[in-house]
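The block underneath contains the structure these notes are about, expressed in structure tokens.
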Amino acid sequence: MASIHTTSRSAELYERASRSLATGVSSSLRRFVTQPPLYIDHADGPHFYDVDGNCRADYTLGWGPLIVGSNHAGINAAVARQLEKGYTYGCQHIAEIELAELIVDSVPGVEQVIFSNTGTEAIQSAIRIARAHTGRDKILKFEGHYHGWLNNVLVSYRPKIEDSTLPQATCGGQPAGEFSETLVLPWNDVDALKDLFQRRGQEIACVLTEPVLANSGSCMPRPGYLETLIELCREYGAVSIFDEVITGFRIALGGAREYFGVEPDLSVYGKALAGGFTMSAVGGRAEMFEVLRDMRTIHSGTYNGTSFNIVAAIETIRELRKPGTYDRMNAHGHAVAEALTTTAAKYGLDAAVSGVGTVFSVHFGVTQAPRDYRETTRTDMETYGRFREAMLANGVQLLPDARWYVGTQHDDAVLQHVIKAIETSMKETMR
Ligand code: PLP
């Protein structure tokens with residue numbers, strides 16, 4: 001996998017794109033992932049091939065979805081078969097039932113689901129269900145957690161001031177009135193949670209949490225934290241919502257419910273659910289969806305249940321259900337994490353890893369894995385940035401926030417390649 005690492009064609013295309021496509025990219029952050037933003041010609045299994053002819057082992061997985069890799073034969077065949085039968089119907093079809101049954105069979109405590117297209121949308125559906133269910137308006141979320149780009153939840157994602165309980169807009173164009181029903185707390189802090197519930201528990205419609213804080217350093221929940229969160233919600237009549245857009249079908253087939261052995265009222269799925277196709281879902285106990293059956297509220301969308309996305313999700317889950325899949329992905333992730341920390345130590349750099357085998361973050365300049373958003377801000381991102389650039393030149397594509405995604409396509413050959421790239425890149429970075 002020789003890497004030539006010229007980016008001149010990408011640079012030309014970016015310049016051309018910027019003339020007609022505002023910002024040159026289709027999602028704001030993509031502008032900063034690499035300089036210039038890379039134009040991908042095609043992807044195959046674990047590899048991305050850019051327009052300059054570079055081949056790289058990909059650990060970004062399209063920001064998470066590509067859990068079974070690109071150009072997957074089973075998904076391709078199922079989608080091709082489906083395309084001949086139509087694209088989207090705005091009516092029901094059998095594959096929807098098959099997918100719903102497959103999810104119910106795969107995820108503990110999920111009795112029913114609804115389908116949407118993106119994680120952002122499904123989060124809003126879960127919030128609306130919780131509000132209709134409780135008759136309350138307040139949403140509680142946590143610092144550093146990302147639940148999509150809409151105003152009521154893009155709050156205190158990268159807070160700029162010290163007060164961890166003051167809801168803060170994340171970007172311009174977010175009037176305070178649009179998140180006036182959103183409460184914020186530091187995560188992994190049981191006392192703060194209990195205190196808030198004692199004071200305002202009767203106002204809270206739902207508590208929204210990433211069960212592993214994948215969007216900010218892949219922090220793990222403290223033992224008992226998720227359980228306490230769910231118990232407090234039950235005690236005060238609020239709805240517990242796990243945002244499993246990243247963890248779902250990733251940290252285990254049954255996501256955080258299976259991994260931690262807990263059952264929130266609702267879970268939201270996206271990304272890995274459909275292996276790169278546009279699909280999201282909300283799942284939970286059947287009673288949680290009573291508000292839709294009795295029309296207290298609605299869930300809608302022209303593209304909900306679009307046929308080729310549904311069959312892609314079915315194939316993805318079938319692939320993930322094969323015996324040994326998660327053990328293999330976790331072993332790969334642990335081997336990469338081990339290579340990162342031992343190689344860093346060899347070159348005199350402190351490093352800690354947090355998360356699980358299939359999604360983890362490496363933190364340079366610290367010895368302890370962080371436990372919440374504020375702790376992640378102590379990481380040496382400057383050194384990581386230089387390391388990541390070296391990795392890119394050495395044939396490995398990584399996300400800018402030091403989060404690594406692992407999928408079924410990451411085999412031993414990719415492992416050998418990445419371990420070698422880590423050694424070379426660390427040497428270059430620390431020189
Ligand atoms: N929730 C989490 C935890 C996410 O990481 C994301 C996206 O990264 C979302 C929700 C929003 O999903 P989407 O980008 O599909 O709208």
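A note on labels: chains of the structure tokens are A, B, ... as shown, every chain counts residues from 1, and ligands are counted from 1 in their shown order.
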List all protein, DNA and RNA residues that have any atom at most 9 Å from ligand 1, counting only C-alpha atoms and all ligand atoms, and write the list as a PyMOL selection string. chain A and resi 63-64+117-123+145-149+209-215+243-247+268-271+278-280
Helix (DSSP H, G or I) call set, DSSP backbone run, stretch 128-272 of chain A, as a PyMOL selection string: chain A and resi 128-134+176-179+190-203+225-236+255-260+271-272
For this session: Within stretch 17-263 of chain A, find each residue whose DSSP state, derived from the backbone, is strand (DSSP E), and express the selection as a ChimeraX atom specification.
Result: /A:40-44,47-50,55-58,112-116,138-142,182-185,204-209,239-244
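Using only C-alpha atoms for every distance, the candidate list A:Asp44, A:Glu428, A:Asp195, A:Asp327 yields A:Asp327 as the residue closest to A:Val356.
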If we count only C-alpha atoms and set the cut-off at 10 Å, which residues sit around A:Phe260, ignoring sequence neighbours fewer than 2 positions away in its own chain? Please answer as a PyMOL selection string. chain A and resi 211+221+223-224+226-227+251-252+254-258+262-263
Now that the selection is made, can you save its residues with N, CA and C atoms as a tab-separated table (two decimals), in the first residue's frame?
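In the end it all went to selection.tsv:
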```
chain	number	residue	atom	x	y	z
A	211	PRO	N	-24.13	7.17	25.83
A	211	PRO	CA	-23.72	6.26	26.90
A	211	PRO	C	-22.20	6.11	27.02
A	221	PRO	N	-18.55	5.83	30.93
A	221	PRO	CA	-19.33	6.21	32.11
A	221	PRO	C	-18.72	5.61	33.37
A	223	PRO	N	-18.70	3.57	36.80
A	223	PRO	CA	-19.57	2.46	37.18
A	223	PRO	C	-20.80	2.97	37.92
A	224	GLY	N	-21.96	2.53	37.49
A	224	GLY	CA	-23.22	2.90	38.15
A	224	GLY	C	-23.84	4.19	37.65
A	226	LEU	N	-24.80	5.29	34.56
A	226	LEU	CA	-25.94	5.13	33.65
A	226	LEU	C	-27.14	4.54	34.40
A	227	GLU	N	-26.84	3.61	35.31
A	227	GLU	CA	-27.92	3.00	36.10
A	227	GLU	C	-28.63	4.07	36.93
A	251	ILE	N	-20.59	-0.80	19.79
A	251	ILE	CA	-19.83	-1.30	20.95
A	251	ILE	C	-20.28	-2.72	21.30
A	252	ALA	N	-21.41	-3.11	20.78
A	252	ALA	CA	-21.92	-4.49	20.82
A	252	ALA	C	-23.06	-4.51	19.82
A	254	GLY	N	-26.05	-5.22	20.46
A	254	GLY	CA	-27.14	-4.54	21.17
A	254	GLY	C	-26.71	-3.20	21.76
A	255	GLY	N	-25.60	-2.64	21.27
A	255	GLY	CA	-25.15	-1.32	21.69
A	255	GLY	C	-24.90	-1.23	23.19
A	256	ALA	N	-25.16	-0.04	23.73
A	256	ALA	CA	-24.87	0.21	25.15
A	256	ALA	C	-25.79	-0.62	26.05
A	257	ARG	N	-26.99	-0.92	25.59
A	257	ARG	CA	-27.89	-1.75	26.40
A	257	ARG	C	-27.22	-3.09	26.70
A	258	GLU	N	-26.65	-3.68	25.66
A	258	GLU	CA	-25.99	-4.97	25.84
A	258	GLU	C	-24.66	-4.80	26.58
A	262	VAL	N	-27.94	-2.32	30.71
A	262	VAL	CA	-28.95	-1.40	31.23
A	262	VAL	C	-30.02	-1.15	30.15
A	263	GLU	N	-31.20	-0.74	30.60
A	263	GLU	CA	-32.28	-0.51	29.63
A	263	GLU	C	-32.92	0.85	29.84
```
| message | Can you pull out the residues contacting stretch 398-401 of chain A? Cut-off 6 Å, using only C-alpha atoms, and skip same-chain residues under 4 positions away; I want them as an NGL selection string. | response | :A and (33 or 59-60)
* To do: For stretch 151-157 of chain A, list every protein, DNA or RNA residue within 12 Å, evaluated using only C-alpha atoms, and leave out those in the same chain fewer than 2 positions away; present the list as a PyMOL selection string.
  => chain A and resi 120-121+123-124+127-128+137-149+159-187+207-209+213+215-216+243+372-374
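Distances from A:Ala126, A:Val418, A:Leu193, A:Ala57 to A:Gly45 were compared using only C-alpha atoms, and the smallest one belongs to A:Ala57.
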